[in-house]
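Asks: First the structure, which I've put down as structure tokens, then a few questions once you've had a look.
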Amino acid sequence: MKLILVRHGETDYTIEKRYCGGAIDAPLNKKGIKQAQRLRRALSKHKIDVIYASPMIRTLQTADIALGRRRIKLIKDSLLRESNLGKWEGHTLDEIKKKFPRDVRKWYQDPLKYGATDGETPVMLHKRVTRFLRKLSLGNHNGRTIAIVTHSGPFRIVVGEMNGNGLNDFWKLEPKTCEYNILHYK
């Protein structure tokens, strides 16, 4: 099956560099809406059979703007939500460093093992997103094109799984807002 993996468009949290995980339901801003409109043009040449999306407003808006006119079945899946960023939600990195210095030091020492204070680690996110991929592989999708509209964290996990690197490149990947990749999944 062919996967079209999409990160949602820009939100105000994105431009303010505020951590916006699975607890904050931030909508697209004006630029994010324009990004999704450009994405619609880019994806217009691709036949898409089904869309899976995180149930967050920013991913659903991106999917609706980019693909909604095509009347493709959209399935909301909470396994595609962004990482739970716990007490870091809504804060900038500078604010987090001041409020949670010990947790930030642990995170810098082992960024896969440690995550946000009272949130998910990348390892936990990996388990969740790979459950989605296993579920997808068990579905009747052979020969089909699937669009997945999600967030930066799950995007990184899917790319890592598709290129065989798992979590090794997790922090090296930084998908831009409304970026998409075309991947092949067996």
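So you can find residues: chains in the structure tokens are A, B, ... in the order shown, residues in each start at 1, and ligands are numbered from 1 in order.
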Which residues are close to segment 104-121 of chain A, i.e. within 10 Å by only C-alpha atoms, leaving aside same-chain residues fewer than 5 positions away? Reply as number ranges by chain.
Replies: A: 19, 21-22, 82-89, 93, 96-99, 126, 167-168, 170-171
Asks: Which parts of segment 7-99 of chain A does DSSP call alpha helix (DSSP H) when run on the backbone here, written out as a ChimeraX atom specification?
Replies: /A:12-15,30-43,57-67,93-99
Asks: My list of candidates is A:Leu43, A:Val6, A:Asp169, A:Thr62. Which is closest to Leu28 of chain A when distances are computed with only C-alpha atoms?
Replies: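 So, comparing all the options, the nearest one is A:Thr62.
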Asks: Rounded to one decimal, what separation in Å do you get between atom CA of Ile15 of chain A and atom CA of His151 of chain A?
Replies: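 Rounded to one decimal, the two atoms are 15.0 Å apart.
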Asks: Just want the 8 Å neighbourhood of segment 66-73 of chain A, counted on only C-alpha atoms, with same-chain residues fewer than 3 positions away dropped. Output as a ChimeraX atom specification.
Replies: /A:36-41,43,48-51,62-63
Asks: Taking only C-alpha atoms into account, name the residue in A:His184, A:Phe155, A:Gly160, A:Ala23 that is nearest to Ser137 of chain A.
Replies: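 Among the listed residues, the smallest separation from Ser137 of chain A belongs to A:His184.
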Asks: Find the spatial neighbours of Val149 of chain A, counting only C-alpha atoms, within a cut-off of 12 Å - ignore same-chain residues fewer than 5 positions away - and output them as a PyMOL selection string.
Replies: chain A and resi 3-9+36+39+50-67+74-82+154-155+158+177-181
